[in-house]
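See structure below.
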Amino acid sequence: MFAVPRTVIVLLCTGLQLCFGTVYAWSFFQTMLVRQLGWSNTDTAIAFGITIFSLGIAAAWAGMALPRLGPRKLALAGSVLFSLGYLLAALALEYNNLLLFYLGYGVVGGTGIGFGYVTPVATAAKWFPDKKGLATGIVVMGFGVGAFLFSRLLAPFLVVQTEEDLPQIFMWLGIIFAAILIPFSLFISDPPKNFAPAGGAPPASEPVGADHPRFVRRCLRSREFILIWLIFFFNISAGISVISFQSSLLQDVWGLADPTLDPLILAEYGAMLIAVSSLFNGLGRLFWGLLSDHIGRVTVFRILLASQMVVFAILMTERDPWIFSALVCYILLCFGGGFATMPSFIVDVFGSKNMSAIYGAMLTAWAAAGIVGPLYVGYYKDVYPDRAVIYCFLIGMLILGLGLIFSFLLDAERIRLARPTVEGTLRQYNIPVPWGY
């Protein structure tokens, strides 16, 4: 395989994320599934929750396996599983089999995303040690923007062409994604050993003990990791609760504002919100990733959590559809920001050598949040449809408040000293760990 320039590698990684990120357009299908198949909001929430849970667990395993298998094999495996998940989902929809849909779209497809998600992020960080915040921000931006392209271009086109035939839509999605993802995956690779960009700073020195298998285990049990995991979990839980039902929630709000609107028009408004908020999700990943390079990762997370608390409080009672939509877009901006900041956060605290393993483990927070967030929204929409909006945003505000509290337990100065702290935990195993900086 010929050498590929690092700028092309980042573009390929972003292309992979564009496809995998279509999972965030889930609420485009959520209303159709309820209307055509008679599934409840809770049923569809479980499907989305299983997908995100499988994603997070698979990403944790992929992070551990990435140094051994390499990015090409994992990206290829993720691409195949993701595409296969859509094909199995198409079969499930043809026979109205909810359990098969959970298996196909949820377990198989979600596992594919998990394999595919961690690979481009970790690979881009290795190719751009001089601009890791920018590089990972661009790559994860693709994950957010993917939902925009999906909800405004690909999905509406397939809906029209198939006359809303869901089995056909999912079948064609599986074929299209396979045709894009598999060729892209074949050109993903790690940089050469001791790679340093021309004119850039030399790669940061790593502890000798970072090669020891106990290093990662001790990092995962450290105070820093646990606190960062909790902050990440709370930020994701609040955001993903909105993502999973944003189209439906907006239709509820718009229906209250104008009860005479046709359901098809309401659905179009919901699809537009998915598209626009997806752009904010993508832009947030670039904006907050860059900002975190200047003001620090801890500060960025505090801003994300505190500002969203205010927004969620307003959304509890806001019934103007335009203001509601603008505030949802801000939530997606912050949701994406958490994902952009986290890879660099991991490198800052634990070093780059084991970044993929530790970052993969960090994504289990995504898995847990994928179960918690969508399920409580689905439950309230089924049981308390008239008050679901108020309850959902109230719980979201409380979740964000917990995250903010934990962020103040993670002192920025302590983060700066986290590497020597990890060194101290390794000494009990008599592992030599000269940090060298």
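Labels for the structure tokens follow display order: chains A, B, ..., residues from 1 in each chain, ligands from 1.
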
Distance query range 238-250 of chain A at most 6 Å, only C-alpha atoms, self and fewer than 5 positions along chain excluded, as a PyMOL selection string: chain A and resi 27+270+335+373-374+396

Given the selection you just returned, output its residues as a file containing N, CA and C atoms, formatted as a PDB file, in the first residue's frame.
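Wrote it out as part-v2.pdb, contents follow:
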ATOM      1  N   SER A  27     -33.850  10.325  14.882  1.00  0.00           N
ATOM      2  CA  SER A  27     -35.222  10.796  15.071  1.00  0.00           C
ATOM      3  C   SER A  27     -35.927  11.072  13.742  1.00  0.00           C
ATOM      4  N   GLY A 270     -39.537  19.064  11.700  1.00  0.00           N
ATOM      5  CA  GLY A 270     -38.670  18.221  12.538  1.00  0.00           C
ATOM      6  C   GLY A 270     -37.417  17.806  11.806  1.00  0.00           C
ATOM      7  N   PHE A 335     -22.917  19.521  22.882  1.00  0.00           N
ATOM      8  CA  PHE A 335     -22.778  18.068  22.821  1.00  0.00           C
ATOM      9  C   PHE A 335     -21.559  17.697  21.976  1.00  0.00           C
ATOM     10  N   GLY A 373     -30.261   8.393  28.531  1.00  0.00           N
ATOM     11  CA  GLY A 373     -30.883   9.559  27.916  1.00  0.00           C
ATOM     12  C   GLY A 373     -32.136   9.261  27.111  1.00  0.00           C
ATOM     13  N   PRO A 374     -32.053   8.423  26.073  1.00  0.00           N
ATOM     14  CA  PRO A 374     -33.250   8.177  25.261  1.00  0.00           C
ATOM     15  C   PRO A 374     -34.394   7.499  26.012  1.00  0.00           C
ATOM     16  N   GLY A 396     -32.880  16.724  32.430  1.00  0.00           N
ATOM     17  CA  GLY A 396     -31.632  17.101  31.776  1.00  0.00           C
ATOM     18  C   GLY A 396     -30.877  18.164  32.544  1.00  0.00           C
TER      19      GLY A 396
END

Contacts of Glu94 in chain A at 12 Å or less, counting only C-alpha atoms, minus same-chain residues fewer than 4 places along, as an MDAnalysis selection string? chainID A and resid 36:37 87:90 98 100:101 165:171

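Proximity ranking of A:Cys392, A:Val23, A:Phe157, A:Tyr105 relative to Ala313 in chain A places A:Cys392 first, based on only C-alpha atoms.
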
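Closest approach to Asp382 in chain A from the set A:Ile138, A:Ala45, A:Val311, A:Leu220 is made by A:Ala45, with distances taken over only C-alpha atoms.
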
Of A:Ala124, A:Gly109, A:Leu402, A:Met397, the one sitting nearest Ile314 in chain A when using only C-alpha atoms is A:Met397

Residue among A:Gly401, A:Gly282, A:Gly21, A:Gly370 lying closest to Tyr330 in chain A, counting only C-alpha atoms: A:Gly282

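Going from CA of Ala367 in chain A to CA of Ser54 in chain A covers 6.6 Å.
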
Name the closest residue to Arg217 in chain A among the candidates A:Asn96, A:Gln30, A:Ser83, A:Asn354; distances are taken between atoms, counting only C-alpha atoms. A:Asn354

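Proximity to Gly403 in chain A at 8 Å, evaluated using only C-alpha atoms and with sequence-adjacent residues fewer than 4 positions away removed, yields Leu230, Ile231, Phe232, Phe233, Phe234, Asn235, Leu305, Ile399 and Ser407 of chain A.
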
Grab the residues selected above and save them as a CSV table (one decimal), in the first residue's frame with C-alpha atoms.
chain,number,residue,atom,x,y,z
A,230,LEU,CA,-18.5,11.1,35.0
A,231,ILE,CA,-18.3,14.6,33.5
A,232,PHE,CA,-18.4,13.1,30.0
A,233,PHE,CA,-21.3,10.8,30.9
A,234,PHE,CA,-23.5,13.7,32.2
A,235,ASN,CA,-22.8,15.9,29.3
A,305,LEU,CA,-22.3,22.1,31.5
A,399,ILE,CA,-28.0,15.8,35.1
A,407,SER,CA,-16.1,19.2,37.2

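If you look at CA of Ala368 in chain A and CA of Gly56 in chain A, they are 7.8 Å away from each other.
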